[in-house]
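Asker: Below you'll find start07.cif; it's mmCIF, C-alpha atoms; chains and numbers go by the auth columns.
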```
data_coords
#
loop_
_atom_site.group_PDB
_atom_site.id
_atom_site.type_symbol
_atom_site.label_atom_id
_atom_site.label_comp_id
_atom_site.label_asym_id
_atom_site.label_seq_id
_atom_site.Cartn_x
_atom_site.Cartn_y
_atom_site.Cartn_z
_atom_site.B_iso_or_equiv
_atom_site.auth_seq_id
_atom_site.auth_asym_id
ATOM 1 C CA MET A 1 6.430 -0.636 -8.907 0.00 10 A
ATOM 2 C CA ARG A 2 3.045 0.899 -9.529 0.00 11 A
ATOM 3 C CA ARG A 3 2.740 3.155 -6.497 0.00 12 A
ATOM 4 C CA GLY A 4 5.109 4.496 -3.843 0.00 13 A
ATOM 5 C CA ILE A 5 6.485 7.490 -2.017 0.00 14 A
ATOM 6 C CA ALA A 6 10.128 8.239 -2.770 0.00 15 A
ATOM 7 C CA ILE A 7 11.803 10.091 0.091 0.00 16 A
ATOM 8 C CA ASP A 8 15.208 11.646 0.644 0.00 17 A
ATOM 9 C CA PHE A 9 16.771 13.358 3.656 0.00 18 A
ATOM 10 C CA GLU A 10 19.850 15.532 3.936 0.00 19 A
ATOM 11 C CA THR A 11 21.517 15.782 7.345 0.00 20 A
ATOM 12 C CA ALA A 12 23.328 18.642 9.067 0.00 21 A
ATOM 13 C CA ASN A 13 25.900 16.475 10.816 0.00 22 A
ATOM 14 C CA GLU A 14 26.863 12.863 11.522 0.00 23 A
ATOM 15 C CA GLN A 15 23.792 12.284 13.707 0.00 24 A
ATOM 16 C CA PRO A 16 20.962 10.581 11.770 0.00 25 A
ATOM 17 C CA SER A 17 18.401 12.719 13.618 0.00 26 A
ATOM 18 C CA SER A 18 19.932 15.925 12.233 0.00 27 A
ATOM 19 C CA VAL A 19 17.718 16.048 9.145 0.00 28 A
ATOM 20 C CA CYS A 20 17.907 19.526 7.633 0.00 29 A
ATOM 21 C CA SER A 21 15.831 18.970 4.487 0.00 30 A
ATOM 22 C CA VAL A 22 13.378 16.438 3.110 0.00 31 A
ATOM 23 C CA GLY A 23 12.017 15.754 -0.344 0.00 32 A
ATOM 24 C CA ALA A 24 9.180 13.345 -1.054 0.00 33 A
ATOM 25 C CA VAL A 25 7.222 12.422 -4.158 0.00 34 A
ATOM 26 C CA LEU A 26 4.153 10.266 -4.577 0.00 35 A
ATOM 27 C CA PHE A 27 4.245 8.310 -7.804 0.00 36 A
ATOM 28 C CA GLU A 28 1.465 6.265 -9.382 0.00 37 A
ATOM 29 C CA ASP A 29 1.296 4.405 -12.677 0.00 38 A
ATOM 30 C CA GLY A 30 4.518 5.836 -14.071 0.00 39 A
ATOM 31 C CA GLU A 31 3.931 9.459 -13.080 0.00 40 A
ATOM 32 C CA ILE A 32 4.832 11.745 -10.230 0.00 41 A
ATOM 33 C CA VAL A 33 1.510 12.847 -8.777 0.00 42 A
ATOM 34 C CA ARG A 34 2.498 15.068 -5.838 0.00 43 A
ATOM 35 C CA SER A 35 5.718 16.386 -4.371 0.00 44 A
ATOM 36 C CA PHE A 36 6.884 18.017 -1.158 0.00 45 A
ATOM 37 C CA TYR A 37 10.063 19.789 -0.083 0.00 46 A
ATOM 38 C CA SER A 38 11.021 21.554 3.119 0.00 47 A
ATOM 39 C CA LEU A 39 14.003 22.730 5.039 0.00 48 A
ATOM 40 C CA ILE A 40 14.080 21.492 8.646 0.00 49 A
ATOM 41 C CA HIS A 41 15.633 22.990 11.755 0.00 50 A
ATOM 42 C CA PRO A 42 18.081 20.185 12.628 0.00 51 A
ATOM 43 C CA GLU A 43 18.424 18.393 15.956 0.00 52 A
ATOM 44 C CA PRO A 44 21.141 18.395 17.166 0.00 53 A
ATOM 45 C CA GLU A 45 21.534 21.945 15.958 0.00 54 A
ATOM 46 C CA TYR A 46 24.976 22.176 14.386 0.00 55 A
ATOM 47 C CA TYR A 47 26.459 21.661 10.930 0.00 56 A
ATOM 48 C CA TRP A 48 29.417 19.481 10.112 0.00 57 A
ATOM 49 C CA TRP A 49 31.586 20.954 7.346 0.00 58 A
ATOM 50 C CA ARG A 50 31.486 17.738 5.300 0.00 59 A
ATOM 51 C CA CYS A 51 27.693 17.690 5.187 0.00 60 A
ATOM 52 C CA GLN A 52 27.635 21.351 4.171 0.00 61 A
ATOM 53 C CA GLN A 53 30.114 20.565 1.424 0.00 62 A
ATOM 54 C CA VAL A 54 27.819 17.825 0.081 0.00 63 A
ATOM 55 C CA HIS A 55 24.447 19.599 0.047 0.00 64 A
ATOM 56 C CA GLY A 56 25.333 23.267 0.464 0.00 65 A
ATOM 57 C CA LEU A 57 22.952 23.898 3.370 0.00 66 A
ATOM 58 C CA GLY A 58 23.997 25.665 6.551 0.00 67 A
ATOM 59 C CA PRO A 59 22.557 27.330 9.638 0.00 68 A
ATOM 60 C CA GLU A 60 21.637 30.429 7.634 0.00 69 A
ATOM 61 C CA ASP A 61 19.253 28.214 5.626 0.00 70 A
ATOM 62 C CA THR A 62 17.583 26.419 8.525 0.00 71 A
ATOM 63 C CA ASP A 63 17.721 28.762 11.548 0.00 72 A
ATOM 64 C CA ASP A 64 14.143 29.876 10.860 0.00 73 A
ATOM 65 C CA ALA A 65 12.955 26.548 9.398 0.00 74 A
ATOM 66 C CA PRO A 66 10.241 24.542 11.163 0.00 75 A
ATOM 67 C CA VAL A 67 11.147 21.603 13.395 0.00 76 A
ATOM 68 C CA PHE A 68 10.628 18.045 12.184 0.00 77 A
ATOM 69 C CA PRO A 69 7.157 17.341 13.691 0.00 78 A
ATOM 70 C CA GLU A 70 5.759 20.404 11.888 0.00 79 A
ATOM 71 C CA VAL A 71 7.428 19.407 8.630 0.00 80 A
ATOM 72 C CA TRP A 72 6.219 15.802 8.897 0.00 81 A
ATOM 73 C CA ALA A 73 2.633 16.981 9.459 0.00 82 A
ATOM 74 C CA ALA A 74 2.896 19.225 6.372 0.00 83 A
ATOM 75 C CA LEU A 75 4.404 16.376 4.323 0.00 84 A
ATOM 76 C CA GLU A 76 1.543 14.048 5.283 0.00 85 A
ATOM 77 C CA GLU A 77 -0.975 16.775 4.436 0.00 86 A
ATOM 78 C CA GLU A 78 0.544 17.386 1.005 0.00 87 A
ATOM 79 C CA ILE A 79 1.473 13.850 -0.030 0.00 88 A
ATOM 80 C CA GLY A 80 -1.357 12.022 1.724 0.00 89 A
ATOM 81 C CA GLN A 81 -3.944 14.731 1.143 0.00 90 A
ATOM 82 C CA GLY A 82 -4.861 14.646 4.832 0.00 91 A
ATOM 83 C CA VAL A 83 -4.335 10.903 5.278 0.00 92 A
ATOM 84 C CA SER A 84 -1.308 9.754 7.272 0.00 93 A
ATOM 85 C CA LEU A 85 1.359 7.924 5.303 0.00 94 A
ATOM 86 C CA GLU A 86 0.791 4.910 7.531 0.00 95 A
ATOM 87 C CA ASP A 87 -2.904 4.825 6.653 0.00 96 A
ATOM 88 C CA LEU A 88 -2.151 5.198 2.938 0.00 97 A
ATOM 89 C CA GLY A 89 -0.370 1.864 3.105 0.00 98 A
ATOM 90 C CA ILE A 90 2.057 2.804 0.356 0.00 99 A
ATOM 91 C CA PRO A 91 5.711 1.772 0.701 0.00 100 A
ATOM 92 C CA LEU A 92 8.398 4.403 1.134 0.00 101 A
ATOM 93 C CA VAL A 93 11.242 4.144 -1.351 0.00 102 A
ATOM 94 C CA ALA A 94 14.781 5.438 -0.949 0.00 103 A
ATOM 95 C CA HIS A 95 18.148 5.005 -2.598 0.00 104 A
ATOM 96 C CA ASN A 96 20.144 3.330 0.165 0.00 105 A
ATOM 97 C CA SER A 97 17.067 3.043 2.343 0.00 106 A
ATOM 98 C CA ARG A 98 19.154 2.150 5.416 0.00 107 A
ATOM 99 C CA PHE A 99 20.254 5.779 5.563 0.00 108 A
ATOM 100 C CA ASP A 100 16.839 7.414 5.063 0.00 109 A
ATOM 101 C CA GLU A 101 14.962 4.909 7.218 0.00 110 A
ATOM 102 C CA GLY A 102 17.606 5.365 9.911 0.00 111 A
ATOM 103 C CA CYS A 103 17.172 9.142 9.764 0.00 112 A
ATOM 104 C CA LEU A 104 13.403 8.837 9.981 0.00 113 A
ATOM 105 C CA LYS A 105 13.517 6.485 12.958 0.00 114 A
ATOM 106 C CA ALA A 106 16.112 8.651 14.741 0.00 115 A
ATOM 107 C CA VAL A 107 14.220 11.901 14.327 0.00 116 A
ATOM 108 C CA PHE A 108 10.963 10.250 15.422 0.00 117 A
ATOM 109 C CA ARG A 109 12.805 9.131 18.597 0.00 118 A
ATOM 110 C CA VAL A 110 14.278 12.579 19.261 0.00 119 A
ATOM 111 C CA TYR A 111 10.831 14.171 19.124 0.00 120 A
ATOM 112 C CA GLN A 112 9.222 11.262 21.002 0.00 121 A
ATOM 113 C CA MET A 113 6.856 10.522 18.120 0.00 122 A
ATOM 114 C CA THR A 114 5.439 7.034 17.658 0.00 123 A
ATOM 115 C CA TYR A 115 7.146 5.435 14.675 0.00 124 A
ATOM 116 C CA PRO A 116 4.602 3.566 12.499 0.00 125 A
ATOM 117 C CA ASP A 117 7.096 0.990 11.160 0.00 126 A
ATOM 118 C CA TYR A 118 6.881 2.147 7.562 0.00 127 A
ATOM 119 C CA GLU A 119 7.650 -0.377 4.837 0.00 128 A
ATOM 120 C CA PHE A 120 10.775 0.709 2.934 0.00 129 A
ATOM 121 C CA ARG A 121 11.983 -0.420 -0.490 0.00 130 A
ATOM 122 C CA ASP A 122 15.548 0.188 -1.612 0.00 131 A
ATOM 123 C CA THR A 123 16.444 1.298 -5.147 0.00 132 A
ATOM 124 C CA LEU A 124 20.158 0.807 -4.417 0.00 133 A
ATOM 125 C CA ALA A 125 19.588 -2.907 -3.779 0.00 134 A
ATOM 126 C CA ALA A 126 17.322 -3.064 -6.840 0.00 135 A
ATOM 127 C CA SER A 127 20.053 -1.464 -8.948 0.00 136 A
ATOM 128 C CA ARG A 128 22.653 -3.969 -7.775 0.00 137 A
ATOM 129 C CA ARG A 129 20.300 -6.846 -8.625 0.00 138 A
ATOM 130 C CA HIS A 130 19.259 -5.433 -11.989 0.00 139 A
ATOM 131 C CA PHE A 131 22.489 -3.937 -13.327 0.00 140 A
ATOM 132 C CA GLY A 132 25.096 -5.969 -11.464 0.00 141 A
ATOM 133 C CA ARG A 133 28.527 -4.989 -12.738 0.00 142 A
ATOM 134 C CA CYS A 134 27.228 -3.281 -15.868 0.00 143 A
ATOM 135 C CA LEU A 135 27.483 0.125 -14.158 0.00 144 A
ATOM 136 C CA PRO A 136 30.690 1.738 -12.859 0.00 145 A
ATOM 137 C CA ASN A 137 28.911 2.296 -9.513 0.00 146 A
ATOM 138 C CA HIS A 138 25.399 2.294 -8.102 0.00 147 A
ATOM 139 C CA GLN A 139 25.263 5.909 -6.947 0.00 148 A
ATOM 140 C CA LEU A 140 21.955 7.696 -7.408 0.00 149 A
ATOM 141 C CA GLN A 141 23.060 9.831 -10.351 0.00 150 A
ATOM 142 C CA THR A 142 24.586 6.827 -12.164 0.00 151 A
ATOM 143 C CA VAL A 143 21.540 4.609 -11.680 0.00 152 A
ATOM 144 C CA SER A 144 19.041 7.329 -12.558 0.00 153 A
ATOM 145 C CA GLU A 145 20.918 8.009 -15.795 0.00 154 A
ATOM 146 C CA ALA A 146 20.915 4.272 -16.609 0.00 155 A
ATOM 147 C CA CYS A 147 17.132 4.373 -16.092 0.00 156 A
ATOM 148 C CA GLY A 148 16.755 7.302 -18.509 0.00 157 A
ATOM 149 C CA TYR A 149 16.448 10.107 -15.960 0.00 158 A
ATOM 150 C CA CYS A 150 18.921 12.993 -15.830 0.00 159 A
ATOM 151 C CA LEU A 151 19.482 13.983 -12.203 0.00 160 A
ATOM 152 C CA GLU A 152 20.284 17.653 -11.926 0.00 161 A
ATOM 153 C CA ASN A 153 20.962 19.312 -8.569 0.00 162 A
ATOM 154 C CA HIS A 154 22.143 16.108 -6.871 0.00 163 A
ATOM 155 C CA HIS A 155 21.929 16.271 -3.044 0.00 164 A
ATOM 156 C CA HIS A 156 18.902 18.542 -3.147 0.00 165 A
ATOM 157 C CA ALA A 157 16.400 16.365 -1.289 0.00 166 A
ATOM 158 C CA LEU A 158 13.536 16.868 -3.758 0.00 167 A
ATOM 159 C CA ALA A 159 15.712 16.281 -6.825 0.00 168 A
ATOM 160 C CA ASP A 160 17.069 13.096 -5.251 0.00 169 A
ATOM 161 C CA ALA A 161 13.556 11.907 -4.322 0.00 170 A
ATOM 162 C CA GLU A 162 12.395 12.462 -7.921 0.00 171 A
ATOM 163 C CA ALA A 163 15.355 10.486 -9.274 0.00 172 A
ATOM 164 C CA CYS A 164 14.630 7.705 -6.799 0.00 173 A
ATOM 165 C CA ALA A 165 10.990 7.621 -7.920 0.00 174 A
ATOM 166 C CA TYR A 166 12.015 7.185 -11.558 0.00 175 A
ATOM 167 C CA ILE A 167 14.390 4.373 -10.622 0.00 176 A
ATOM 168 C CA ALA A 168 11.653 2.686 -8.580 0.00 177 A
ATOM 169 C CA MET A 169 9.179 2.922 -11.451 0.00 178 A
ATOM 170 C CA LYS A 170 11.747 1.303 -13.734 0.00 179 A
ATOM 171 C CA LEU A 171 13.331 -1.347 -11.480 0.00 180 A
ATOM 172 C CA LEU A 172 10.882 -2.255 -8.715 0.00 181 A
#
```
Render the structure in this file as structure tokens.

Answerer:
Amino acid sequence: MRRGIAIDFETANEQPSSVCSVGAVLFEDGEIVRSFYSLIHPEPEYYWWRCQQVHGLGPEDTDDAPVFPEVWAALEEEIGQGVSLEDLGIPLVAHNSRFDEGCLKAVFRVYQMTYPDYEFRDTLAASRRHFGRCLPNHQLQTVSEACGYCLENHHHALADAEACAYIAMKLL
């Protein structure tokens, strides 16, 4: 894949709209060109202990964070350089895109924003096609390592988006 935007969300609870952080990276021709990270005030506004255990974020981290529409506008400004992601026409890429696309659609609905029907590509599916049973699993850290990228700080949205970008550049 020559060009894409790798994106990763972390959620505060079991509701897909409860995004509490986002990481996104624009990659072109084998390089990460721009990146964006932000905490997000989640909706609904509560944390499930299991989610906190996974990513380490809690209300003390996001109580003063901006709400999703503000974060999305800042992400489009940084990644798209003032052009909306829809108008860029670049696919979004995620590892297990059903999760991240589901979060994005849910949070757009909660804030009554018009969802532009982004094109998503899935590095998890690409890993299963490419590696088959050669890997012990197809988790992000396993696949990124198989693609020559060492994922540190797993479940930090920006670190996960960077790993996803490297997988996409290798497998898609």

Asker: Using the chain letters and numbers from this file, what does the PyMOL selection byres ((chain A and resi 158-166) around 10) select? Give the answer as a ChimeraX atom specification.

Answerer: /A:16-19,29-33,45-48,63-66,149-157,167-173,175-176

Asker: Limited to C-alpha atoms, could you put the picked residues into a file as a short mmCIF file (atom, residue, chain, number, x, y, z; two decimals), in the coordinates of the input?

Answerer:
```
data_model
loop_
_atom_site.label_atom_id
_atom_site.label_comp_id
_atom_site.auth_asym_id
_atom_site.auth_seq_id
_atom_site.Cartn_x
_atom_site.Cartn_y
_atom_site.Cartn_z
CA ILE A 16 11.80 10.09 0.09
CA ASP A 17 15.21 11.65 0.64
CA PHE A 18 16.77 13.36 3.66
CA GLU A 19 19.85 15.53 3.94
CA CYS A 29 17.91 19.53 7.63
CA SER A 30 15.83 18.97 4.49
CA VAL A 31 13.38 16.44 3.11
CA GLY A 32 12.02 15.75 -0.34
CA ALA A 33 9.18 13.34 -1.05
CA PHE A 45 6.88 18.02 -1.16
CA TYR A 46 10.06 19.79 -0.08
CA SER A 47 11.02 21.55 3.12
CA LEU A 48 14.00 22.73 5.04
CA VAL A 63 27.82 17.82 0.08
CA HIS A 64 24.45 19.60 0.05
CA GLY A 65 25.33 23.27 0.46
CA LEU A 66 22.95 23.90 3.37
CA LEU A 149 21.96 7.70 -7.41
CA GLN A 150 23.06 9.83 -10.35
CA THR A 151 24.59 6.83 -12.16
CA VAL A 152 21.54 4.61 -11.68
CA SER A 153 19.04 7.33 -12.56
CA GLU A 154 20.92 8.01 -15.80
CA ALA A 155 20.92 4.27 -16.61
CA CYS A 156 17.13 4.37 -16.09
CA GLY A 157 16.76 7.30 -18.51
CA LEU A 167 13.54 16.87 -3.76
CA ALA A 168 15.71 16.28 -6.82
CA ASP A 169 17.07 13.10 -5.25
CA ALA A 170 13.56 11.91 -4.32
CA GLU A 171 12.40 12.46 -7.92
CA ALA A 172 15.36 10.49 -9.27
CA CYS A 173 14.63 7.70 -6.80
CA TYR A 175 12.02 7.18 -11.56
CA ILE A 176 14.39 4.37 -10.62
#
```

Asker: As a VMD selection string, please: the residues near Thr123 of chain A (cut-off 12 Å, only C-alpha atoms, same-chain neighbours under 5 positions excluded).

Answerer: chain A and resid 78 95 113 to 118

Asker: Under the rule that all atoms listed in the file are counted, which of A:Gln121, A:Ser136, A:Asn146, A:Ser27 is the nearest residue to Gly67 of chain A?

Answerer: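 Between A:Gln121, A:Ser136, A:Asn146, A:Ser27, the residue approaching Gly67 of chain A most closely is A:Ser27.
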
Asker: Between atom CA of Arg11 of chain A and atom CA of Glu37 of chain A, what is the distance in Å, rounded to a tenth?

Answerer: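 That distance, rounded to one decimal, is 5.6 Å.
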
Asker: Using Å and a single decimal, report how far atom CA of Tyr120 of chain A sits from atom CA of Gly13 of chain A.

Answerer: 25.6 Å

Asker: Could all heavy atoms be built for segment 55-66 of chain A and written out as a short mmCIF file (atom, residue, chain, number, x, y, z; two decimals), in the coordinates of the input?

Answerer:
```cif
data_model
loop_
_atom_site.label_atom_id
_atom_site.label_comp_id
_atom_site.auth_asym_id
_atom_site.auth_seq_id
_atom_site.Cartn_x
_atom_site.Cartn_y
_atom_site.Cartn_z
N TYR A 55 23.68 21.70 14.86
CA TYR A 55 24.98 22.18 14.39
C TYR A 55 25.25 21.52 13.03
O TYR A 55 24.66 20.50 12.69
CB TYR A 55 26.11 21.87 15.38
CG TYR A 55 26.42 20.40 15.55
CD1 TYR A 55 27.38 19.75 14.77
CD2 TYR A 55 25.75 19.64 16.51
CE1 TYR A 55 27.67 18.40 14.94
CE2 TYR A 55 26.03 18.29 16.69
CZ TYR A 55 26.99 17.68 15.90
OH TYR A 55 27.26 16.35 16.07
N TYR A 56 26.10 22.16 12.26
CA TYR A 56 26.46 21.66 10.93
C TYR A 56 27.90 21.19 10.91
O TYR A 56 28.79 21.85 11.41
CB TYR A 56 26.26 22.75 9.86
CG TYR A 56 24.83 22.84 9.40
CD1 TYR A 56 23.89 23.55 10.13
CD2 TYR A 56 24.41 22.17 8.26
CE1 TYR A 56 22.58 23.62 9.72
CE2 TYR A 56 23.10 22.23 7.85
CZ TYR A 56 22.19 22.95 8.58
OH TYR A 56 20.88 23.00 8.18
N TRP A 57 28.09 20.03 10.34
CA TRP A 57 29.42 19.48 10.11
C TRP A 57 29.86 19.94 8.73
O TRP A 57 29.09 19.86 7.75
CB TRP A 57 29.34 17.96 10.21
CG TRP A 57 30.64 17.24 10.16
CD1 TRP A 57 31.81 17.59 10.78
CD2 TRP A 57 30.92 16.03 9.46
NE1 TRP A 57 32.79 16.67 10.51
CE2 TRP A 57 32.26 15.69 9.70
CE3 TRP A 57 30.15 15.19 8.66
CZ2 TRP A 57 32.86 14.56 9.15
CZ3 TRP A 57 30.75 14.06 8.12
CH2 TRP A 57 32.09 13.76 8.37
N TRP A 58 31.09 20.39 8.60
CA TRP A 58 31.59 20.95 7.35
C TRP A 58 31.42 20.01 6.17
O TRP A 58 31.11 20.43 5.05
CB TRP A 58 33.04 21.40 7.48
CG TRP A 58 34.00 20.24 7.64
CD1 TRP A 58 34.39 19.66 8.80
CD2 TRP A 58 34.63 19.51 6.60
NE1 TRP A 58 35.24 18.60 8.56
CE2 TRP A 58 35.42 18.48 7.20
CE3 TRP A 58 34.63 19.61 5.21
CZ2 TRP A 58 36.18 17.59 6.47
CZ3 TRP A 58 35.39 18.70 4.47
CH2 TRP A 58 36.15 17.71 5.11
N ARG A 59 31.59 18.71 6.40
CA ARG A 59 31.49 17.74 5.30
C ARG A 59 30.06 17.67 4.75
O ARG A 59 29.85 17.62 3.55
CB ARG A 59 31.95 16.36 5.79
CG ARG A 59 31.83 15.26 4.75
CD ARG A 59 32.80 15.47 3.57
NE ARG A 59 32.65 14.41 2.64
CZ ARG A 59 32.24 14.56 1.37
NH1 ARG A 59 31.97 15.75 0.90
NH2 ARG A 59 32.13 13.52 0.57
N CYS A 60 29.09 17.70 5.64
CA CYS A 60 27.69 17.69 5.19
C CYS A 60 27.38 18.96 4.40
O CYS A 60 26.73 18.90 3.35
CB CYS A 60 26.75 17.55 6.38
SG CYS A 60 26.84 15.94 7.19
N GLN A 61 27.86 20.09 4.88
CA GLN A 61 27.64 21.35 4.17
C GLN A 61 28.26 21.31 2.78
O GLN A 61 27.69 21.81 1.82
CB GLN A 61 28.22 22.52 4.96
CG GLN A 61 27.38 22.91 6.15
CD GLN A 61 27.90 24.18 6.78
OE1 GLN A 61 28.83 24.13 7.58
NE2 GLN A 61 27.32 25.29 6.42
N GLN A 62 29.43 20.69 2.70
CA GLN A 62 30.11 20.56 1.42
C GLN A 62 29.29 19.73 0.44
O GLN A 62 29.25 20.02 -0.75
CB GLN A 62 31.48 19.92 1.67
CG GLN A 62 32.44 20.04 0.54
CD GLN A 62 33.80 19.46 0.94
OE1 GLN A 62 33.87 18.43 1.61
NE2 GLN A 62 34.86 20.11 0.52
N VAL A 63 28.61 18.71 0.93
CA VAL A 63 27.82 17.82 0.08
C VAL A 63 26.56 18.52 -0.43
O VAL A 63 26.29 18.54 -1.63
CB VAL A 63 27.46 16.51 0.82
CG1 VAL A 63 26.42 15.72 0.05
CG2 VAL A 63 28.71 15.68 1.07
N HIS A 64 25.75 19.07 0.47
CA HIS A 64 24.45 19.60 0.05
C HIS A 64 24.34 21.11 0.01
O HIS A 64 23.36 21.66 -0.49
CB HIS A 64 23.31 19.01 0.88
CG HIS A 64 23.47 19.13 2.36
ND1 HIS A 64 23.60 20.32 3.02
CD2 HIS A 64 23.52 18.17 3.31
CE1 HIS A 64 23.72 20.11 4.32
NE2 HIS A 64 23.69 18.80 4.52
N GLY A 65 25.33 21.81 0.55
CA GLY A 65 25.33 23.27 0.46
C GLY A 65 24.44 23.99 1.46
O GLY A 65 24.31 25.21 1.39
N LEU A 66 23.82 23.26 2.38
CA LEU A 66 22.95 23.90 3.37
C LEU A 66 23.75 24.22 4.62
O LEU A 66 24.70 23.51 4.96
CB LEU A 66 21.78 22.99 3.73
CG LEU A 66 20.83 22.63 2.60
CD1 LEU A 66 19.81 21.61 3.07
CD2 LEU A 66 20.13 23.89 2.08
#
```
